[in-house]
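Below you'll find the structure, written out as structure tokens, and then a few comments.
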Amino acid sequence: MLRFLDVESMRPDKRDSGVRVADFREIYDDFRHQRASEQAARCSQCGVPFCQVHCPLQNNIPDWLMLTAAGRMEEAYALASATNNMPEVCGRICPQDRLCEGNCVIEKGFGAVTIGSVENYITETAFANGWVRPPAPPFERGQSVGVIGAGPGGMAAAEELRRKGYRVEVYDRYDRTGGLLIYGIPNFKLEKDVVERRTRLLEDGGIVFHRNVEVGSDIAFAEVRAAHDAVLIATGVYAAREIAVPGVGLGNIVPAMTYLTASNRKGLGDAVPAFESGALDAAGKRVVVIGGGDTAMDCVRTAVRQGAVSVKCLYRRDRENMPGSMREVRHAEEEGVEFVWLAAPEAFVGDSEVRGVRAVRMRLGAPDAAGRSAPEPVEGSSHVVDADLAVLALGFDPEDFLAMFGEPELGLTRWGTIVADFQSLATRCEGVFAAGDVVRGASLVVWAIRDARVASASIHAYLQDQSAQTAPPSPRRRKARPIVIEENEDA
Ligand SMILES: Cc1cc2nc3c(=O)[nH]c(=O)nc-3n(C[C@H](O)[C@H](O)[C@H](O)COP(=O)(O)OP(=O)(O)OC[C@H]3O[C@@H](n4cnc5c(N)ncnc54)[C@H](O)[C@@H]3O)c2cc1C
Ligand code: SF4
């Protein structure tokens with residue numbers, strides 16, 4: 001260990017930008033063992049490991065780095081998977097520069113240990129050697145949990161609960177499992193077979209997935225509650241933020257998720273009429289993406305790969321104040337994306353279809369209540385940025401959960417997320433818990449997994465409590481009955 005003095009910080013080889021924009025494959029090659037163990041050996045084994053403190057899962061990073069450096073890979077995997085249900089996903093897409101690696105003690109001066117890449121290497125090695133196994137409960141408890149939402153939050157909770165011996169059924173309105181891992185995040189960050197491999201493991205462990213089932217329309221929330229002893233809501237946030245400027249109703253102005261979902265579906269081999277017609281295909285177009293978060297970065301880099309003539313990203317603050325990961329910005333710049341900092345849209349121009357975005361230059365004024373500089377328009381700075389396709393990546397708000405679930409007792413925060421106790425993630429409804437974006441607002445995969453683990457532990461405690469009661473079963477338990485869902489032929 002402590003090799004940071006003589007070994008340079010390195011990630012796995014990154015494919016050349018000119019090559020990688022020709023396909024949607026992940027941009028990093030796999031670590032070779034030699035490099036992974038050398039990089040792991042750079043760790044300084046701090047007494048207080050700030051990397052671990054700043055990992056939402058409190059992963060035992062120094063120890064699994066030490067085991068990797070020693071070539072003890074099976075033990076490294078046992079440790080990495082003890083705190084994380086999807087280390088291969090987090091290793092690929094966590095914004096490590098803001099989490100573990102950004103807080104690595106040797107980062108200043110020597111360059112951080114490339115923690116995410118090693119975490120990914122450990123898990124890929126484990127998969128290659130057959131060490132990753134489906135959840136296998138020691139015994140069946142006879143109680144069941146319904147999970148609504150099959151994103152990373154729902155998947156991680158399903159695994160945790162199945163390992164404890166509960167019967168777990170997951171309901172999702174999509175036709176595939178993975179939530180935003182499948183239909184939001186593009187392949188060049190996370191290839192879909194990585195997600196599908198996890199899904200297969202969960203199915204092999206006995207978890208039942210009901211796909212194409214929207215709770216609130218295909219079946220009622222009350223039915224799910226009645227069918228299970230406890231319920232977890234992990235439905236994410238999907239209401240795209242809108243922009244109220246003239247011309248926003250013109251053709252070829254699309255929300256980011258519509259654009260990304262079409263591209264991801266295409267990559268998965270689905271027929272996507274709106275893509276095939278050209279409406280959601282950037283090929284040959286001048287594309288303008290509005291926004292500065294990770295979703296905007298995914299849109300610009302997708303447009304480049306689809307063969308756009310030019311791709312511009314308009315953001316109203318500057319580079320230092322953008323919410324997206326700096327690493328993603330660098331990737332986008334390498335791939336030919338032009339960032340137009342300090343520019344905000346005033347209007348969309350065109351006849352029936354968009355032909356340009358009229359933008360105004362901004363300057364950063366006094367910091368707002370949250371400490372961020374508030375952007376202010378510069379008078380007389382309007383200009384038109386040509387566009388044949390404009391993608392709105394302005395963030396996501398919660399849907400109307402009270403209307404969706406028809407359960408006013410759930411309660412909403414002032415941001416529209418579901419009210420849940422911070423410690424247990426229990427909602428106000430007996431036996432109902434919530435995890436991930438539905439509680440936090442749009443966040444990160446690693447936080448959804450963390451919530452899922454907390455909520456699963458709370459559900460376990462709640463159900464043990466229920467079964468410990470020797471009195472006759474409560475009215476809620478008595479009315480539990482199975483749901484019969486007619487299988488959709490497309491599922
Ligand atoms: C484009 C994009 C890029 C991102 N990039 C990153 C990244 O690089 N790194 C990172 O850490 N995070 C990233 N994120 C954020 C991350 O994807 C989310 O924080 C995470 O997926 C949240 O997990 P979740 O399980 O709470 O919700 P989701 O992943 O949204 O899953 C919710 C699931 O619930 C289902 N559902 C919703 N309502 C119902 C209903 N009524 N009935 C049945 N099913 C329902 C949905 O179909 C979905 O499958 C990105 C997000 C987006 C949009
Ligand atoms: S889960 Fe994310 S934050 Fe934690 S060690 Fe892995 S990459 Fe870093």
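As shown in the structure tokens, the chain order sets the letters A, B, ...; within each chain, residues go from 1, and ligands are also counted from 1 in the order they appear.
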Output as a tab-separated table one row per residue of chain A within 7 Å of ligand 1: the closest atom pair and its distance in Å to one decimal place, counting only C-alpha atoms and all ligand atoms, sorted by chain and residue number ascending.
```
residue	atom	partner	partner_atom_place_in_ligand_line	distance
A:Cys90	CA	ligand 1	11 (O)	6.9
A:Ile93	CA	ligand 1	9 (N)	4.5
A:Cys94	CA	ligand 1	11 (O)	4.6
A:Pro95	CA	ligand 1	9 (N)	6.1
A:Ile148	CA	ligand 1	43 (C)	5.4
A:Gly149	CA	ligand 1	34 (O)	3.2
A:Ala150	CA	ligand 1	49 (O)	4.6
A:Gly151	CA	ligand 1	31 (O)	3.4
A:Pro152	CA	ligand 1	25 (O)	4.2
A:Gly153	CA	ligand 1	25 (O)	3.5
A:Gly154	CA	ligand 1	25 (O)	5.4
A:Tyr171	CA	ligand 1	43 (C)	5.3
A:Asp172	CA	ligand 1	44 (N)	3.4
A:Arg173	CA	ligand 1	44 (N)	4.1
A:Tyr174	CA	ligand 1	47 (O)	4.7
A:Thr177	CA	ligand 1	49 (O)	6.3
A:Gly178	CA	ligand 1	49 (O)	5.8
A:Gly179	CA	ligand 1	49 (O)	3.1
A:Leu180	CA	ligand 1	29 (O)	4.0
A:Leu181	CA	ligand 1	17 (O)	5.9
A:Gly184	CA	ligand 1	1 (C)	4.3
A:Ile185	CA	ligand 1	3 (C)	4.5
A:Val213	CA	ligand 1	43 (C)	5.8
A:Glu214	CA	ligand 1	42 (N)	3.6
A:Val215	CA	ligand 1	42 (N)	3.8
A:Gly216	CA	ligand 1	41 (N)	5.6
A:Ala234	CA	ligand 1	26 (O)	5.2
A:Thr235	CA	ligand 1	34 (O)	3.4
A:Gly236	CA	ligand 1	27 (O)	3.6
A:Val237	CA	ligand 1	30 (O)	5.9
A:Met257	CA	ligand 1	53 (C)	6.7
A:Leu260	CA	ligand 1	1 (C)	7.0
A:Asp294	CA	ligand 1	3 (C)	5.4
A:Thr295	CA	ligand 1	1 (C)	3.9
A:Asp298	CA	ligand 1	1 (C)	5.9
A:Met404	CA	ligand 1	41 (N)	6.4
A:Ala435	CA	ligand 1	26 (O)	6.3
A:Gly436	CA	ligand 1	26 (O)	3.5
A:Asp437	CA	ligand 1	26 (O)	4.0
A:Val438	CA	ligand 1	26 (O)	5.9
A:Ala442	CA	ligand 1	19 (O)	5.5
A:Ser443	CA	ligand 1	19 (O)	4.0
A:Leu444	CA	ligand 1	19 (O)	3.5
A:Val445	CA	ligand 1	11 (O)	3.9
A:Val446	CA	ligand 1	11 (O)	5.7
A:Ala448	CA	ligand 1	23 (O)	5.1
```
Please give me, as a PDB file with N, CA, C and O atoms, in the first residue's frame, the residues lying within 10 Å of ligand 2 when counting only C-alpha atoms and all ligand atoms.
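Saved as part.pdb:
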```pdb
ATOM      1  N   CYS A  51     -12.940   8.890   2.276  1.00  0.00           N
ATOM      2  CA  CYS A  51     -13.648   8.289   1.131  1.00  0.00           C
ATOM      3  C   CYS A  51     -14.877   7.536   1.640  1.00  0.00           C
ATOM      4  O   CYS A  51     -15.977   7.678   1.112  1.00  0.00           O
ATOM      5  N   GLN A  52     -14.670   6.746   2.697  1.00  0.00           N
ATOM      6  CA  GLN A  52     -15.760   5.936   3.267  1.00  0.00           C
ATOM      7  C   GLN A  52     -16.842   6.833   3.882  1.00  0.00           C
ATOM      8  O   GLN A  52     -18.033   6.607   3.698  1.00  0.00           O
ATOM      9  N   VAL A  53     -16.382   7.889   4.567  1.00  0.00           N
ATOM     10  CA  VAL A  53     -17.322   8.815   5.201  1.00  0.00           C
ATOM     11  C   VAL A  53     -18.219   9.452   4.130  1.00  0.00           C
ATOM     12  O   VAL A  53     -19.414   9.635   4.334  1.00  0.00           O
ATOM     13  N   HIS A  54     -17.634   9.778   2.978  1.00  0.00           N
ATOM     14  CA  HIS A  54     -18.393  10.484   1.947  1.00  0.00           C
ATOM     15  C   HIS A  54     -19.059   9.556   0.939  1.00  0.00           C
ATOM     16  O   HIS A  54     -19.670  10.029  -0.022  1.00  0.00           O
ATOM     17  N   CYS A  55     -18.929   8.253   1.111  1.00  0.00           N
ATOM     18  CA  CYS A  55     -19.702   7.313   0.291  1.00  0.00           C
ATOM     19  C   CYS A  55     -21.051   7.125   0.989  1.00  0.00           C
ATOM     20  O   CYS A  55     -21.083   6.769   2.171  1.00  0.00           O
ATOM     21  N   PRO A  56     -22.175   7.374   0.295  1.00  0.00           N
ATOM     22  CA  PRO A  56     -23.474   7.248   0.957  1.00  0.00           C
ATOM     23  C   PRO A  56     -23.721   5.858   1.557  1.00  0.00           C
ATOM     24  O   PRO A  56     -24.527   5.713   2.472  1.00  0.00           O
ATOM     25  N   LEU A  57     -23.006   4.847   1.052  1.00  0.00           N
ATOM     26  CA  LEU A  57     -23.188   3.490   1.577  1.00  0.00           C
ATOM     27  C   LEU A  57     -22.154   3.156   2.652  1.00  0.00           C
ATOM     28  O   LEU A  57     -22.153   2.044   3.186  1.00  0.00           O
ATOM     29  N   GLN A  58     -21.280   4.124   2.936  1.00  0.00           N
ATOM     30  CA  GLN A  58     -20.173   3.884   3.874  1.00  0.00           C
ATOM     31  C   GLN A  58     -19.421   2.600   3.523  1.00  0.00           C
ATOM     32  O   GLN A  58     -19.080   1.778   4.375  1.00  0.00           O
ATOM     33  N   ASN A  59     -19.182   2.420   2.240  1.00  0.00           N
ATOM     34  CA  ASN A  59     -18.411   1.260   1.785  1.00  0.00           C
ATOM     35  C   ASN A  59     -17.073   1.193   2.501  1.00  0.00           C
ATOM     36  O   ASN A  59     -16.424   2.226   2.684  1.00  0.00           O
ATOM     37  N   ASN A  60     -16.657  -0.019   2.818  1.00  0.00           N
ATOM     38  CA  ASN A  60     -15.370  -0.203   3.500  1.00  0.00           C
ATOM     39  C   ASN A  60     -14.237  -0.166   2.459  1.00  0.00           C
ATOM     40  O   ASN A  60     -13.589  -1.174   2.165  1.00  0.00           O
ATOM     41  N   ILE A  61     -14.029   1.025   1.911  1.00  0.00           N
ATOM     42  CA  ILE A  61     -13.137   1.177   0.754  1.00  0.00           C
ATOM     43  C   ILE A  61     -11.679   0.807   1.061  1.00  0.00           C
ATOM     44  O   ILE A  61     -11.076   0.011   0.330  1.00  0.00           O
ATOM     45  N   PRO A  62     -11.095   1.328   2.146  1.00  0.00           N
ATOM     46  CA  PRO A  62      -9.676   1.006   2.374  1.00  0.00           C
ATOM     47  C   PRO A  62      -9.427  -0.501   2.454  1.00  0.00           C
ATOM     48  O   PRO A  62      -8.426  -0.990   1.932  1.00  0.00           O
ATOM     49  N   ALA A  80     -17.031  -5.723  -0.621  1.00  0.00           N
ATOM     50  CA  ALA A  80     -17.672  -4.676  -1.436  1.00  0.00           C
ATOM     51  C   ALA A  80     -19.178  -4.913  -1.527  1.00  0.00           C
ATOM     52  O   ALA A  80     -19.972  -3.963  -1.505  1.00  0.00           O
ATOM     53  N   THR A  83     -22.013  -4.070   1.561  1.00  0.00           N
ATOM     54  CA  THR A  83     -22.666  -2.773   1.816  1.00  0.00           C
ATOM     55  C   THR A  83     -23.336  -2.201   0.567  1.00  0.00           C
ATOM     56  O   THR A  83     -23.955  -1.145   0.636  1.00  0.00           O
ATOM     57  N   ASN A  84     -23.193  -2.872  -0.564  1.00  0.00           N
ATOM     58  CA  ASN A  84     -23.718  -2.308  -1.818  1.00  0.00           C
ATOM     59  C   ASN A  84     -24.362  -3.408  -2.650  1.00  0.00           C
ATOM     60  O   ASN A  84     -23.729  -4.421  -2.944  1.00  0.00           O
ATOM     61  N   ASN A  85     -25.621  -3.210  -3.043  1.00  0.00           N
ATOM     62  CA  ASN A  85     -26.317  -4.220  -3.855  1.00  0.00           C
ATOM     63  C   ASN A  85     -25.943  -4.151  -5.330  1.00  0.00           C
ATOM     64  O   ASN A  85     -26.233  -5.067  -6.082  1.00  0.00           O
ATOM     65  N   MET A  86     -25.329  -3.062  -5.762  1.00  0.00           N
ATOM     66  CA  MET A  86     -24.955  -2.934  -7.180  1.00  0.00           C
ATOM     67  C   MET A  86     -23.593  -2.259  -7.306  1.00  0.00           C
ATOM     68  O   MET A  86     -23.477  -1.166  -7.893  1.00  0.00           O
ATOM     69  N   PRO A  87     -22.535  -2.878  -6.777  1.00  0.00           N
ATOM     70  CA  PRO A  87     -21.230  -2.201  -6.850  1.00  0.00           C
ATOM     71  C   PRO A  87     -20.756  -1.969  -8.277  1.00  0.00           C
ATOM     72  O   PRO A  87     -20.040  -0.997  -8.544  1.00  0.00           O
ATOM     73  N   GLU A  88     -21.170  -2.835  -9.201  1.00  0.00           N
ATOM     74  CA  GLU A  88     -20.737  -2.658 -10.598  1.00  0.00           C
ATOM     75  C   GLU A  88     -21.435  -1.453 -11.241  1.00  0.00           C
ATOM     76  O   GLU A  88     -20.888  -0.839 -12.164  1.00  0.00           O
ATOM     77  N   VAL A  89     -22.622  -1.122 -10.740  1.00  0.00           N
ATOM     78  CA  VAL A  89     -23.331   0.057 -11.265  1.00  0.00           C
ATOM     79  C   VAL A  89     -22.737   1.327 -10.654  1.00  0.00           C
ATOM     80  O   VAL A  89     -22.365   2.270 -11.365  1.00  0.00           O
ATOM     81  N   CYS A  90     -22.576   1.333  -9.334  1.00  0.00           N
ATOM     82  CA  CYS A  90     -22.010   2.524  -8.670  1.00  0.00           C
ATOM     83  C   CYS A  90     -20.588   2.779  -9.148  1.00  0.00           C
ATOM     84  O   CYS A  90     -20.200   3.922  -9.372  1.00  0.00           O
ATOM     85  N   GLY A  91     -19.804   1.709  -9.305  1.00  0.00           N
ATOM     86  CA  GLY A  91     -18.430   1.870  -9.784  1.00  0.00           C
ATOM     87  C   GLY A  91     -18.393   2.575 -11.122  1.00  0.00           C
ATOM     88  O   GLY A  91     -17.483   3.342 -11.419  1.00  0.00           O
ATOM     89  N   ARG A  92     -19.422   2.339 -11.945  1.00  0.00           N
ATOM     90  CA  ARG A  92     -19.470   2.969 -13.277  1.00  0.00           C
ATOM     91  C   ARG A  92     -20.034   4.386 -13.239  1.00  0.00           C
ATOM     92  O   ARG A  92     -19.529   5.261 -13.924  1.00  0.00           O
ATOM     93  N   ILE A  93     -21.133   4.605 -12.485  1.00  0.00           N
ATOM     94  CA  ILE A  93     -21.845   5.883 -12.703  1.00  0.00           C
ATOM     95  C   ILE A  93     -21.975   6.795 -11.486  1.00  0.00           C
ATOM     96  O   ILE A  93     -22.584   7.857 -11.595  1.00  0.00           O
ATOM     97  N   CYS A  94     -21.432   6.415 -10.341  1.00  0.00           N
ATOM     98  CA  CYS A  94     -21.439   7.393  -9.244  1.00  0.00           C
ATOM     99  C   CYS A  94     -20.605   8.605  -9.676  1.00  0.00           C
ATOM    100  O   CYS A  94     -19.568   8.431 -10.317  1.00  0.00           O
ATOM    101  N   PRO A  95     -21.018   9.806  -9.304  1.00  0.00           N
ATOM    102  CA  PRO A  95     -20.129  10.959  -9.542  1.00  0.00           C
ATOM    103  C   PRO A  95     -19.024  10.945  -8.485  1.00  0.00           C
ATOM    104  O   PRO A  95     -19.069  11.692  -7.497  1.00  0.00           O
ATOM    105  N   GLN A  96     -18.038  10.098  -8.691  1.00  0.00           N
ATOM    106  CA  GLN A  96     -17.013   9.888  -7.650  1.00  0.00           C
ATOM    107  C   GLN A  96     -16.279  11.179  -7.313  1.00  0.00           C
ATOM    108  O   GLN A  96     -15.814  11.359  -6.194  1.00  0.00           O
ATOM    109  N   ASP A  97     -16.180  12.087  -8.312  1.00  0.00           N
ATOM    110  CA  ASP A  97     -15.463  13.341  -8.019  1.00  0.00           C
ATOM    111  C   ASP A  97     -16.153  14.161  -6.933  1.00  0.00           C
ATOM    112  O   ASP A  97     -15.551  15.033  -6.319  1.00  0.00           O
ATOM    113  N   ARG A  98     -17.446  13.889  -6.697  1.00  0.00           N
ATOM    114  CA  ARG A  98     -18.152  14.612  -5.631  1.00  0.00           C
ATOM    115  C   ARG A  98     -18.290  13.754  -4.371  1.00  0.00           C
ATOM    116  O   ARG A  98     -18.752  14.224  -3.349  1.00  0.00           O
ATOM    117  N   LEU A  99     -17.982  12.458  -4.468  1.00  0.00           N
ATOM    118  CA  LEU A  99     -18.224  11.555  -3.330  1.00  0.00           C
ATOM    119  C   LEU A  99     -16.899  10.980  -2.829  1.00  0.00           C
ATOM    120  O   LEU A  99     -16.081  11.704  -2.309  1.00  0.00           O
ATOM    121  N   CYS A 100     -16.677   9.687  -3.030  1.00  0.00           N
ATOM    122  CA  CYS A 100     -15.499   9.040  -2.435  1.00  0.00           C
ATOM    123  C   CYS A 100     -14.184   9.637  -2.935  1.00  0.00           C
ATOM    124  O   CYS A 100     -13.339  10.067  -2.133  1.00  0.00           O
ATOM    125  N   GLU A 101     -14.001   9.693  -4.252  1.00  0.00           N
ATOM    126  CA  GLU A 101     -12.702  10.125  -4.788  1.00  0.00           C
ATOM    127  C   GLU A 101     -12.437  11.600  -4.515  1.00  0.00           C
ATOM    128  O   GLU A 101     -11.303  12.008  -4.292  1.00  0.00           O
ATOM    129  N   GLY A 102     -13.499  12.396  -4.536  1.00  0.00           N
ATOM    130  CA  GLY A 102     -13.345  13.828  -4.267  1.00  0.00           C
ATOM    131  C   GLY A 102     -12.868  14.086  -2.850  1.00  0.00           C
ATOM    132  O   GLY A 102     -12.403  15.186  -2.536  1.00  0.00           O
ATOM    133  N   ASN A 103     -13.014  13.107  -1.967  1.00  0.00           N
ATOM    134  CA  ASN A 103     -12.595  13.274  -0.576  1.00  0.00           C
ATOM    135  C   ASN A 103     -11.409  12.395  -0.206  1.00  0.00           C
ATOM    136  O   ASN A 103     -11.078  12.267   0.968  1.00  0.00           O
ATOM    137  N   THR A 114      -8.388   5.668  -7.751  1.00  0.00           N
ATOM    138  CA  THR A 114      -9.539   5.547  -8.666  1.00  0.00           C
ATOM    139  C   THR A 114     -10.496   4.475  -8.125  1.00  0.00           C
ATOM    140  O   THR A 114     -10.617   3.368  -8.660  1.00  0.00           O
ATOM    141  N   ILE A 115     -11.198   4.871  -7.068  1.00  0.00           N
ATOM    142  CA  ILE A 115     -11.998   3.949  -6.254  1.00  0.00           C
ATOM    143  C   ILE A 115     -13.123   3.292  -7.065  1.00  0.00           C
ATOM    144  O   ILE A 115     -13.330   2.075  -7.011  1.00  0.00           O
ATOM    145  N   GLY A 116     -13.853   4.115  -7.826  1.00  0.00           N
ATOM    146  CA  GLY A 116     -14.988   3.571  -8.582  1.00  0.00           C
ATOM    147  C   GLY A 116     -14.541   2.496  -9.562  1.00  0.00           C
ATOM    148  O   GLY A 116     -15.179   1.437  -9.681  1.00  0.00           O
ATOM    149  N   SER A 117     -13.427   2.751 -10.255  1.00  0.00           N
ATOM    150  CA  SER A 117     -12.960   1.774 -11.247  1.00  0.00           C
ATOM    151  C   SER A 117     -12.531   0.479 -10.573  1.00  0.00           C
ATOM    152  O   SER A 117     -12.760  -0.611 -11.103  1.00  0.00           O
ATOM    153  N   VAL A 118     -11.932   0.594  -9.382  1.00  0.00           N
ATOM    154  CA  VAL A 118     -11.531  -0.635  -8.673  1.00  0.00           C
ATOM    155  C   VAL A 118     -12.781  -1.378  -8.193  1.00  0.00           C
ATOM    156  O   VAL A 118     -12.871  -2.611  -8.292  1.00  0.00           O
ATOM    157  N   GLU A 119     -13.780  -0.635  -7.716  1.00  0.00           N
ATOM    158  CA  GLU A 119     -15.027  -1.277  -7.265  1.00  0.00           C
ATOM    159  C   GLU A 119     -15.669  -2.053  -8.422  1.00  0.00           C
ATOM    160  O   GLU A 119     -16.128  -3.184  -8.260  1.00  0.00           O
ATOM    161  N   ASN A 120     -15.638  -1.438  -9.580  1.00  0.00           N
ATOM    162  CA  ASN A 120     -16.182  -2.095 -10.769  1.00  0.00           C
ATOM    163  C   ASN A 120     -15.355  -3.329 -11.118  1.00  0.00           C
ATOM    164  O   ASN A 120     -15.902  -4.400 -11.416  1.00  0.00           O
ATOM    165  N   LEU A 444     -29.389  10.430  -6.767  1.00  0.00           N
ATOM    166  CA  LEU A 444     -28.377   9.544  -7.357  1.00  0.00           C
ATOM    167  C   LEU A 444     -28.732   8.092  -7.089  1.00  0.00           C
ATOM    168  O   LEU A 444     -29.408   7.770  -6.093  1.00  0.00           O
ATOM    169  N   VAL A 445     -28.181   7.216  -7.915  1.00  0.00           N
ATOM    170  CA  VAL A 445     -28.398   5.782  -7.755  1.00  0.00           C
ATOM    171  C   VAL A 445     -27.909   5.326  -6.376  1.00  0.00           C
ATOM    172  O   VAL A 445     -28.602   4.582  -5.671  1.00  0.00           O
ATOM    173  N   VAL A 446     -26.735   5.793  -5.981  1.00  0.00           N
ATOM    174  CA  VAL A 446     -26.162   5.317  -4.721  1.00  0.00           C
ATOM    175  C   VAL A 446     -27.042   5.704  -3.527  1.00  0.00           C
ATOM    176  O   VAL A 446     -27.168   4.951  -2.561  1.00  0.00           O
ATOM    177  N   TRP A 447     -27.706   6.855  -3.611  1.00  0.00           N
ATOM    178  CA  TRP A 447     -28.614   7.237  -2.519  1.00  0.00           C
ATOM    179  C   TRP A 447     -29.884   6.388  -2.537  1.00  0.00           C
ATOM    180  O   TRP A 447     -30.443   6.068  -1.483  1.00  0.00           O
ATOM    181  N   ILE A 449     -29.992   3.304  -3.402  1.00  0.00           N
ATOM    182  CA  ILE A 449     -29.601   2.010  -2.819  1.00  0.00           C
ATOM    183  C   ILE A 449     -29.491   2.132  -1.300  1.00  0.00           C
ATOM    184  O   ILE A 449     -29.941   1.275  -0.544  1.00  0.00           O
ATOM    185  N   ARG A 450     -28.918   3.231  -0.869  1.00  0.00           N
ATOM    186  CA  ARG A 450     -28.789   3.445   0.579  1.00  0.00           C
ATOM    187  C   ARG A 450     -30.180   3.470   1.237  1.00  0.00           C
ATOM    188  O   ARG A 450     -30.433   2.803   2.234  1.00  0.00           O
TER     189      ARG A 450
END
```
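When DSSP is run on the backbone, the residues of stretch 85-269 of chain A that fall into strand (DSSP E) are Ser144, Val145, Gly146, Val147, Ile148, Arg167, Val168, Glu169, Val170, Tyr171, Val208, Phe209, His210, Ala230, Val231, Leu232, Ile233, Ala239, Ala240, Ile253, Val254 and Pro255 of chain A.
If you count only C-alpha atoms and ignore residues fewer than 2 places along the chain from A:His460, what sits within 10 Å of it is Val145, Glu160, Leu161, Lys164, Gly165, Tyr166, Ala230, Ala455, Ser456, Ala457, Ser458, Tyr462, Leu463, Gln464, Asp465 and Gln466 of chain A.
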7 Å contact set for A:Leu232, only C-alpha atoms, chain neighbours under 5 positions out, as a ChimeraX atom specification: /A:146-148,432-434
